[in-house]
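Let me begin by presenting the structure, written as structure tokens, before commenting on it.
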Amino acid sequence: LPGAPALSRFRLDKLLGELQSLDPRVSGLSARFHHFVDLERPLDDAGHAVLARLLEYGTEDAADVPGELVIVIPRPGTISPWASKATDIAHVCGLTGIARIERGVAYRIAASAALDAAALTRLAAPLHDRMTESVCLALDEAGSLFAHHSPRPLASVPLRSGGRAALV
């Protein structure tokens, strides 16, 4: 679900300068929050209306630039503090069918020529914190936020006896 603009004009201009230093073809940038919802069961019309009202915040005064999509999401396998609070609020509002709400930022990068996946991946570097966030180049890739995996068995790495080779 798309949301409000994610960044101020000042911050967008600063990021635009960084992107243009990486690739001079870049001519514009916009950023909008995007919400991803993991449902335990489908919402009825009233539930959809409550969710839409909950996710209406911020201002709507900024327009998106046409361009290539780069989505920054929390690292899959983690739950952001924002998601914890938003999910709690949804449950208090009666939306018990929601397992989790997560928020990302959908950037649109305008350029004078088409940008391929390699160029977009390079341009994503200043748009996210690689320690806590991941980059997707399509909305359907964000489904990885809600992937459930079985825990792996505990393993030991003999660093003292094996050194770097054991770690590799």
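For the structure tokens, the naming scheme is as follows: chains receive sequential letters (A, B, ...) according to their order of presentation, residues are indexed from 1 within each chain, and ligands are indexed from 1 in presentation order.
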Exercise: stretch 118-124 of chain A partners within 12 Å, only C-alpha atoms, chain neighbours under 5 positions left out, as an mmCIF file with all heavy atoms, in the first residue's frame:
```cif
data_model
loop_
_atom_site.group_PDB
_atom_site.id
_atom_site.type_symbol
_atom_site.label_atom_id
_atom_site.label_comp_id
_atom_site.auth_asym_id
_atom_site.auth_seq_id
_atom_site.Cartn_x
_atom_site.Cartn_y
_atom_site.Cartn_z
ATOM 1 N N LEU A 15 20.381 13.638 -1.748
ATOM 2 C CA LEU A 15 20.534 12.303 -2.322
ATOM 3 C C LEU A 15 20.653 12.349 -3.845
ATOM 4 O O LEU A 15 21.419 11.584 -4.435
ATOM 5 C CB LEU A 15 19.353 11.414 -1.925
ATOM 6 C CG LEU A 15 19.375 10.834 -0.525
ATOM 7 C CD1 LEU A 15 18.064 10.134 -0.214
ATOM 8 C CD2 LEU A 15 20.537 9.868 -0.364
ATOM 9 N N LEU A 16 19.914 13.262 -4.471
ATOM 10 C CA LEU A 16 19.997 13.403 -5.922
ATOM 11 C C LEU A 16 21.418 13.762 -6.337
ATOM 12 O O LEU A 16 21.957 13.210 -7.306
ATOM 13 C CB LEU A 16 18.998 14.456 -6.423
ATOM 14 C CG LEU A 16 19.007 14.738 -7.920
ATOM 15 C CD1 LEU A 16 18.701 13.476 -8.718
ATOM 16 C CD2 LEU A 16 17.996 15.835 -8.252
ATOM 17 N N GLY A 17 22.050 14.662 -5.619
ATOM 18 C CA GLY A 17 23.439 15.020 -5.904
ATOM 19 C C GLY A 17 24.368 13.819 -5.789
ATOM 20 O O GLY A 17 25.273 13.633 -6.616
ATOM 21 N N GLU A 18 24.148 12.992 -4.760
ATOM 22 C CA GLU A 18 24.969 11.790 -4.589
ATOM 23 C C GLU A 18 24.762 10.816 -5.747
ATOM 24 O O GLU A 18 25.715 10.236 -6.265
ATOM 25 C CB GLU A 18 24.647 11.102 -3.266
ATOM 26 C CG GLU A 18 25.096 11.874 -2.041
ATOM 27 C CD GLU A 18 24.755 11.138 -0.756
ATOM 28 O OE1 GLU A 18 25.037 9.924 -0.658
ATOM 29 O OE2 GLU A 18 24.199 11.789 0.143
ATOM 30 N N LEU A 19 23.505 10.658 -6.166
ATOM 31 C CA LEU A 19 23.219 9.749 -7.274
ATOM 32 C C LEU A 19 23.825 10.260 -8.577
ATOM 33 O O LEU A 19 24.360 9.480 -9.375
ATOM 34 C CB LEU A 19 21.708 9.552 -7.430
ATOM 35 C CG LEU A 19 20.978 8.881 -6.273
ATOM 36 C CD1 LEU A 19 19.499 8.730 -6.592
ATOM 37 C CD2 LEU A 19 21.587 7.543 -5.919
ATOM 38 N N GLN A 20 23.749 11.570 -8.797
ATOM 39 C CA GLN A 20 24.318 12.146 -10.016
ATOM 40 C C GLN A 20 25.832 12.023 -10.053
ATOM 41 O O GLN A 20 26.421 11.905 -11.128
ATOM 42 C CB GLN A 20 23.886 13.607 -10.161
ATOM 43 C CG GLN A 20 22.420 13.729 -10.510
ATOM 44 C CD GLN A 20 21.896 15.147 -10.443
ATOM 45 O OE1 GLN A 20 22.364 15.961 -9.655
ATOM 46 N NE2 GLN A 20 20.892 15.429 -11.265
ATOM 47 N N SER A 21 26.475 12.018 -8.877
ATOM 48 C CA SER A 21 27.921 11.810 -8.864
ATOM 49 C C SER A 21 28.268 10.361 -9.213
ATOM 50 O O SER A 21 29.345 10.090 -9.740
ATOM 51 C CB SER A 21 28.518 12.194 -7.509
ATOM 52 O OG SER A 21 28.136 11.271 -6.515
ATOM 53 N N LEU A 22 27.358 9.420 -8.940
ATOM 54 C CA LEU A 22 27.571 8.026 -9.309
ATOM 55 C C LEU A 22 27.229 7.755 -10.769
ATOM 56 O O LEU A 22 27.836 6.903 -11.412
ATOM 57 C CB LEU A 22 26.729 7.103 -8.416
ATOM 58 C CG LEU A 22 27.114 7.028 -6.952
ATOM 59 C CD1 LEU A 22 26.068 6.232 -6.168
ATOM 60 C CD2 LEU A 22 28.485 6.384 -6.804
ATOM 61 N N ASP A 23 26.211 8.464 -11.275
ATOM 62 C CA ASP A 23 25.764 8.259 -12.658
ATOM 63 C C ASP A 23 25.170 9.566 -13.172
ATOM 64 O O ASP A 23 24.078 9.963 -12.748
ATOM 65 C CB ASP A 23 24.718 7.147 -12.710
ATOM 66 C CG ASP A 23 24.393 6.690 -14.111
ATOM 67 O OD1 ASP A 23 24.443 7.516 -15.055
ATOM 68 O OD2 ASP A 23 24.098 5.495 -14.281
ATOM 69 N N PRO A 24 25.873 10.254 -14.077
ATOM 70 C CA PRO A 24 25.391 11.559 -14.569
ATOM 71 C C PRO A 24 24.079 11.506 -15.350
ATOM 72 O O PRO A 24 23.469 12.547 -15.597
ATOM 73 C CB PRO A 24 26.533 12.066 -15.449
ATOM 74 C CG PRO A 24 27.513 10.966 -15.572
ATOM 75 C CD PRO A 24 27.163 9.900 -14.602
ATOM 76 N N ARG A 25 23.604 10.316 -15.699
ATOM 77 C CA ARG A 25 22.316 10.199 -16.402
ATOM 78 C C ARG A 25 21.133 10.481 -15.484
ATOM 79 O O ARG A 25 20.032 10.764 -15.952
ATOM 80 C CB ARG A 25 22.155 8.799 -16.992
ATOM 81 C CG ARG A 25 23.189 8.452 -18.044
ATOM 82 C CD ARG A 25 23.031 7.037 -18.528
ATOM 83 N NE ARG A 25 23.311 6.100 -17.439
ATOM 84 C CZ ARG A 25 23.109 4.782 -17.517
ATOM 85 N NH1 ARG A 25 22.610 4.245 -18.611
ATOM 86 N NH2 ARG A 25 23.398 4.014 -16.486
ATOM 87 N N VAL A 26 21.329 10.403 -14.162
ATOM 88 C CA VAL A 26 20.239 10.592 -13.198
ATOM 89 C C VAL A 26 19.779 12.047 -13.233
ATOM 90 O O VAL A 26 20.587 12.964 -13.157
ATOM 91 C CB VAL A 26 20.679 10.198 -11.770
ATOM 92 C CG1 VAL A 26 19.596 10.542 -10.758
ATOM 93 C CG2 VAL A 26 21.016 8.717 -11.715
ATOM 94 N N LEU A 29 14.610 12.392 -8.549
ATOM 95 C CA LEU A 29 14.438 11.398 -7.496
ATOM 96 C C LEU A 29 13.199 11.730 -6.680
ATOM 97 O O LEU A 29 12.959 12.896 -6.351
ATOM 98 C CB LEU A 29 15.674 11.390 -6.578
ATOM 99 C CG LEU A 29 15.657 10.447 -5.384
ATOM 100 C CD1 LEU A 29 15.713 8.987 -5.844
ATOM 101 C CD2 LEU A 29 16.821 10.753 -4.449
ATOM 102 N N GLY A 67 10.116 7.105 -13.313
ATOM 103 C CA GLY A 67 11.459 6.533 -13.402
ATOM 104 C C GLY A 67 11.513 5.127 -12.876
ATOM 105 O O GLY A 67 10.500 4.497 -12.573
ATOM 106 N N GLU A 68 12.724 4.628 -12.755
ATOM 107 C CA GLU A 68 12.970 3.262 -12.317
ATOM 108 C C GLU A 68 12.719 3.129 -10.813
ATOM 109 O O GLU A 68 13.022 4.031 -10.045
ATOM 110 C CB GLU A 68 14.405 2.857 -12.631
ATOM 111 C CG GLU A 68 14.770 2.964 -14.099
ATOM 112 C CD GLU A 68 13.991 2.005 -14.979
ATOM 113 O OE1 GLU A 68 13.588 0.927 -14.504
ATOM 114 O OE2 GLU A 68 13.774 2.351 -16.154
ATOM 115 N N LEU A 69 12.196 1.988 -10.421
ATOM 116 C CA LEU A 69 11.828 1.737 -9.036
ATOM 117 C C LEU A 69 12.952 1.037 -8.280
ATOM 118 O O LEU A 69 13.517 0.049 -8.760
ATOM 119 C CB LEU A 69 10.572 0.867 -8.998
ATOM 120 C CG LEU A 69 9.974 0.525 -7.649
ATOM 121 C CD1 LEU A 69 9.482 1.772 -6.934
ATOM 122 C CD2 LEU A 69 8.834 -0.466 -7.827
ATOM 123 N N VAL A 70 13.278 1.565 -7.108
ATOM 124 C CA VAL A 70 14.205 0.936 -6.166
ATOM 125 C C VAL A 70 13.503 0.969 -4.814
ATOM 126 O O VAL A 70 13.150 2.045 -4.327
ATOM 127 C CB VAL A 70 15.555 1.677 -6.088
ATOM 128 C CG1 VAL A 70 16.432 1.093 -4.983
ATOM 129 C CG2 VAL A 70 16.281 1.639 -7.427
ATOM 130 N N ILE A 71 13.290 -0.206 -4.213
ATOM 131 C CA ILE A 71 12.565 -0.281 -2.952
ATOM 132 C C ILE A 71 13.534 -0.691 -1.849
ATOM 133 O O ILE A 71 14.241 -1.692 -1.973
ATOM 134 C CB ILE A 71 11.416 -1.300 -3.025
ATOM 135 C CG1 ILE A 71 10.489 -0.942 -4.180
ATOM 136 C CG2 ILE A 71 10.651 -1.355 -1.710
ATOM 137 C CD1 ILE A 71 9.673 -2.088 -4.664
ATOM 138 N N VAL A 72 13.549 0.096 -0.788
ATOM 139 C CA VAL A 72 14.388 -0.201 0.370
ATOM 140 C C VAL A 72 13.472 -0.722 1.475
ATOM 141 O O VAL A 72 12.508 -0.053 1.853
ATOM 142 C CB VAL A 72 15.163 1.050 0.832
ATOM 143 C CG1 VAL A 72 15.933 0.768 2.108
ATOM 144 C CG2 VAL A 72 16.098 1.540 -0.271
ATOM 145 N N ILE A 73 13.776 -1.934 1.934
ATOM 146 C CA ILE A 73 12.969 -2.579 2.972
ATOM 147 C C ILE A 73 13.875 -3.006 4.132
ATOM 148 O O ILE A 73 15.087 -3.116 3.951
ATOM 149 C CB ILE A 73 12.213 -3.813 2.425
ATOM 150 C CG1 ILE A 73 13.202 -4.848 1.856
ATOM 151 C CG2 ILE A 73 11.181 -3.403 1.387
ATOM 152 C CD1 ILE A 73 12.583 -6.175 1.455
ATOM 153 N N VAL A 105 10.680 2.127 1.726
ATOM 154 C CA VAL A 105 10.671 3.365 0.946
ATOM 155 C C VAL A 105 10.822 3.002 -0.517
ATOM 156 O O VAL A 105 11.781 2.314 -0.900
ATOM 157 C CB VAL A 105 11.800 4.325 1.377
ATOM 158 C CG1 VAL A 105 11.787 5.585 0.519
ATOM 159 C CG2 VAL A 105 11.660 4.689 2.846
ATOM 160 N N ALA A 106 9.865 3.442 -1.328
ATOM 161 C CA ALA A 106 9.916 3.226 -2.771
ATOM 162 C C ALA A 106 10.495 4.480 -3.418
ATOM 163 O O ALA A 106 9.871 5.543 -3.394
ATOM 164 C CB ALA A 106 8.523 2.938 -3.317
ATOM 165 N N TYR A 107 11.700 4.346 -3.939
ATOM 166 C CA TYR A 107 12.362 5.450 -4.641
ATOM 167 C C TYR A 107 12.074 5.321 -6.128
ATOM 168 O O TYR A 107 12.051 4.217 -6.665
ATOM 169 C CB TYR A 107 13.881 5.398 -4.443
ATOM 170 C CG TYR A 107 14.340 5.721 -3.046
ATOM 171 C CD1 TYR A 107 14.540 4.706 -2.113
ATOM 172 C CD2 TYR A 107 14.585 7.025 -2.658
ATOM 173 C CE1 TYR A 107 14.969 4.987 -0.826
ATOM 174 C CE2 TYR A 107 15.013 7.317 -1.368
ATOM 175 C CZ TYR A 107 15.206 6.296 -0.466
ATOM 176 O OH TYR A 107 15.627 6.584 0.803
ATOM 177 N N ARG A 108 11.889 6.450 -6.775
ATOM 178 C CA ARG A 108 11.790 6.511 -8.241
ATOM 179 C C ARG A 108 12.983 7.330 -8.709
ATOM 180 O O ARG A 108 13.187 8.466 -8.258
ATOM 181 C CB ARG A 108 10.495 7.174 -8.695
ATOM 182 C CG ARG A 108 9.264 6.349 -8.457
ATOM 183 C CD ARG A 108 9.124 5.298 -9.515
ATOM 184 N NE ARG A 108 7.960 4.458 -9.258
ATOM 185 C CZ ARG A 108 7.633 3.443 -10.017
ATOM 186 N NH1 ARG A 108 8.371 3.157 -11.076
ATOM 187 N NH2 ARG A 108 6.592 2.716 -9.736
ATOM 188 N N ILE A 109 13.771 6.744 -9.582
ATOM 189 C CA ILE A 109 14.957 7.416 -10.110
ATOM 190 C C ILE A 109 14.738 7.694 -11.588
ATOM 191 O O ILE A 109 14.607 6.770 -12.398
ATOM 192 C CB ILE A 109 16.217 6.543 -9.914
ATOM 193 C CG1 ILE A 109 16.419 6.218 -8.436
ATOM 194 C CG2 ILE A 109 17.443 7.240 -10.503
ATOM 195 C CD1 ILE A 109 17.527 5.218 -8.155
ATOM 196 N N ALA A 110 14.675 8.980 -11.928
ATOM 197 C CA ALA A 110 14.531 9.392 -13.321
ATOM 198 C C ALA A 110 15.921 9.562 -13.920
ATOM 199 O O ALA A 110 16.848 10.021 -13.248
ATOM 200 C CB ALA A 110 13.751 10.701 -13.414
ATOM 201 N N ALA A 111 16.059 9.187 -15.193
ATOM 202 C CA ALA A 111 17.352 9.300 -15.862
ATOM 203 C C ALA A 111 17.144 9.619 -17.332
ATOM 204 O O ALA A 111 16.073 9.369 -17.899
ATOM 205 C CB ALA A 111 18.141 8.002 -15.709
ATOM 206 N N ALA A 113 18.619 8.176 -19.755
ATOM 207 C CA ALA A 113 18.666 6.920 -20.503
ATOM 208 C C ALA A 113 18.262 5.797 -19.556
ATOM 209 O O ALA A 113 18.323 5.949 -18.331
ATOM 210 C CB ALA A 113 20.080 6.676 -21.049
ATOM 211 N N ASP A 129 20.903 1.580 4.269
ATOM 212 C CA ASP A 129 21.928 1.132 5.208
ATOM 213 C C ASP A 129 22.037 -0.378 5.038
ATOM 214 O O ASP A 129 21.129 -1.123 5.418
ATOM 215 C CB ASP A 129 21.514 1.485 6.639
ATOM 216 C CG ASP A 129 22.469 0.971 7.694
ATOM 217 O OD1 ASP A 129 23.405 0.207 7.363
ATOM 218 O OD2 ASP A 129 22.277 1.324 8.872
ATOM 219 N N ARG A 130 23.125 -0.836 4.453
ATOM 220 C CA ARG A 130 23.226 -2.259 4.121
ATOM 221 C C ARG A 130 23.281 -3.170 5.341
ATOM 222 O O ARG A 130 23.101 -4.375 5.219
ATOM 223 C CB ARG A 130 24.398 -2.515 3.188
ATOM 224 C CG ARG A 130 25.729 -2.209 3.772
ATOM 225 C CD ARG A 130 26.822 -2.273 2.708
ATOM 226 N NE ARG A 130 28.103 -2.064 3.323
ATOM 227 C CZ ARG A 130 29.112 -2.897 3.241
ATOM 228 N NH1 ARG A 130 29.000 -3.982 2.519
ATOM 229 N NH2 ARG A 130 30.240 -2.635 3.848
ATOM 230 N N GLU A 133 19.070 -2.815 6.133
ATOM 231 C CA GLU A 133 18.076 -2.729 5.065
ATOM 232 C C GLU A 133 18.537 -3.514 3.842
ATOM 233 O O GLU A 133 19.727 -3.766 3.654
ATOM 234 C CB GLU A 133 17.842 -1.269 4.677
ATOM 235 C CG GLU A 133 17.264 -0.433 5.802
ATOM 236 C CD GLU A 133 17.199 1.051 5.489
ATOM 237 O OE1 GLU A 133 18.151 1.583 4.872
ATOM 238 O OE2 GLU A 133 16.185 1.667 5.861
ATOM 239 N N SER A 134 17.576 -3.869 2.999
ATOM 240 C CA SER A 134 17.834 -4.560 1.742
ATOM 241 C C SER A 134 17.182 -3.779 0.608
ATOM 242 O O SER A 134 16.277 -2.972 0.838
ATOM 243 C CB SER A 134 17.255 -5.978 1.773
ATOM 244 O OG SER A 134 17.920 -6.749 2.727
ATOM 245 N N VAL A 135 17.619 -4.064 -0.593
ATOM 246 C CA VAL A 135 17.106 -3.383 -1.774
ATOM 247 C C VAL A 135 16.385 -4.379 -2.672
ATOM 248 O O VAL A 135 16.867 -5.490 -2.896
ATOM 249 C CB VAL A 135 18.260 -2.715 -2.555
ATOM 250 C CG1 VAL A 135 17.774 -2.155 -3.878
ATOM 251 C CG2 VAL A 135 18.908 -1.626 -1.722
ATOM 252 N N CYS A 136 15.229 -3.974 -3.172
ATOM 253 C CA CYS A 136 14.461 -4.751 -4.155
ATOM 254 C C CYS A 136 14.282 -3.875 -5.389
ATOM 255 O O CYS A 136 14.132 -2.656 -5.268
ATOM 256 C CB CYS A 136 13.088 -5.115 -3.619
ATOM 257 S SG CYS A 136 13.090 -6.049 -2.100
ATOM 258 N N LEU A 137 14.259 -4.495 -6.546
ATOM 259 C CA LEU A 137 14.036 -3.742 -7.776
ATOM 260 C C LEU A 137 12.633 -3.970 -8.329
ATOM 261 O O LEU A 137 12.303 -3.482 -9.401
ATOM 262 C CB LEU A 137 15.105 -4.099 -8.824
ATOM 263 C CG LEU A 137 16.543 -3.791 -8.398
ATOM 264 C CD1 LEU A 137 17.513 -4.159 -9.510
ATOM 265 C CD2 LEU A 137 16.707 -2.329 -7.993
ATOM 266 N N ALA A 138 11.799 -4.701 -7.585
ATOM 267 C CA ALA A 138 10.402 -4.917 -7.961
ATOM 268 C C ALA A 138 9.588 -5.119 -6.681
ATOM 269 O O ALA A 138 10.092 -5.658 -5.691
ATOM 270 C CB ALA A 138 10.273 -6.135 -8.866
#
```
May I have the residues within 6 Å of A:Ile101 as a list in words, using only C-alpha atoms and disregarding those fewer than 5 positions away in the same chain?
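Near neighbours after the sequence-gap exclusion: Phe36, Val37, Ala83 and Thr87 of chain A.
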Atoms kept (all heavy atoms) for selection, written as a PDB file, in the first residue's frame:
```pdb
ATOM      1  N   PHE A  36       3.763  -2.892   3.562  1.00  0.00           N
ATOM      2  CA  PHE A  36       3.581  -4.296   3.198  1.00  0.00           C
ATOM      3  C   PHE A  36       2.882  -4.978   4.368  1.00  0.00           C
ATOM      4  O   PHE A  36       3.295  -4.830   5.519  1.00  0.00           O
ATOM      5  CB  PHE A  36       4.943  -4.935   2.923  1.00  0.00           C
ATOM      6  CG  PHE A  36       5.711  -4.197   1.856  1.00  0.00           C
ATOM      7  CD1 PHE A  36       6.634  -3.227   2.202  1.00  0.00           C
ATOM      8  CD2 PHE A  36       5.481  -4.462   0.519  1.00  0.00           C
ATOM      9  CE1 PHE A  36       7.328  -2.526   1.230  1.00  0.00           C
ATOM     10  CE2 PHE A  36       6.176  -3.767  -0.462  1.00  0.00           C
ATOM     11  CZ  PHE A  36       7.101  -2.803  -0.111  1.00  0.00           C
ATOM     12  N   VAL A  37       1.824  -5.713   4.067  1.00  0.00           N
ATOM     13  CA  VAL A  37       1.000  -6.300   5.123  1.00  0.00           C
ATOM     14  C   VAL A  37       0.957  -7.818   4.955  1.00  0.00           C
ATOM     15  O   VAL A  37       0.628  -8.326   3.882  1.00  0.00           O
ATOM     16  CB  VAL A  37      -0.436  -5.724   5.078  1.00  0.00           C
ATOM     17  CG1 VAL A  37      -1.279  -6.283   6.202  1.00  0.00           C
ATOM     18  CG2 VAL A  37      -0.408  -4.203   5.135  1.00  0.00           C
ATOM     19  N   ALA A  83       7.546  -1.711  12.572  1.00  0.00           N
ATOM     20  CA  ALA A  83       6.588  -2.791  12.344  1.00  0.00           C
ATOM     21  C   ALA A  83       5.982  -3.289  13.648  1.00  0.00           C
ATOM     22  O   ALA A  83       4.788  -3.577  13.711  1.00  0.00           O
ATOM     23  CB  ALA A  83       7.264  -3.944  11.602  1.00  0.00           C
ATOM     24  N   THR A  87       2.025  -2.903  14.031  1.00  0.00           N
ATOM     25  CA  THR A  87       1.235  -4.132  14.167  1.00  0.00           C
ATOM     26  C   THR A  87       0.451  -4.115  15.472  1.00  0.00           C
ATOM     27  O   THR A  87      -0.733  -4.490  15.498  1.00  0.00           O
ATOM     28  CB  THR A  87       2.154  -5.367  14.073  1.00  0.00           C
ATOM     29  OG1 THR A  87       2.886  -5.311  12.836  1.00  0.00           O
ATOM     30  CG2 THR A  87       1.343  -6.647  14.122  1.00  0.00           C
TER      31      THR A  87
END
```
Non-local contacts of stretch 40-52 of chain A (6 Å; only C-alpha atoms; under 2 positions in same chain excluded) as a VMD selection string:
chain A and resid 54 to 55 97 to 99
To one decimal in Å, tell me the separation between atom CA of A:Glu56 and atom CA of A:Pro126.
27.2 Å
For A:Thr78, which residue among A:Leu39, A:Met131, A:Arg164, A:Ala63 is the nearest when counting only C-alpha atoms?
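That would be A:Met131, the residue with the smallest distance to A:Thr78.
Considering only C-alpha atoms, the residue among A:Ala6, A:Ala142, A:Val65, A:Leu154 positioned nearest to A:Gly28 is A:Val65.
Straight-line separation from atom CA of A:Ala147 to atom CA of A:Asp116: 27.0 Å.
As for atom CA of A:Arg11 and atom CA of A:His128, they are spaced 13.3 Å apart.
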Output as a PyMOL selection string all residues of chain A that backbone DSSP marks as strand (DSSP E or B).
chain A and resi 2-5+26-39+68-74+98-111+133-136
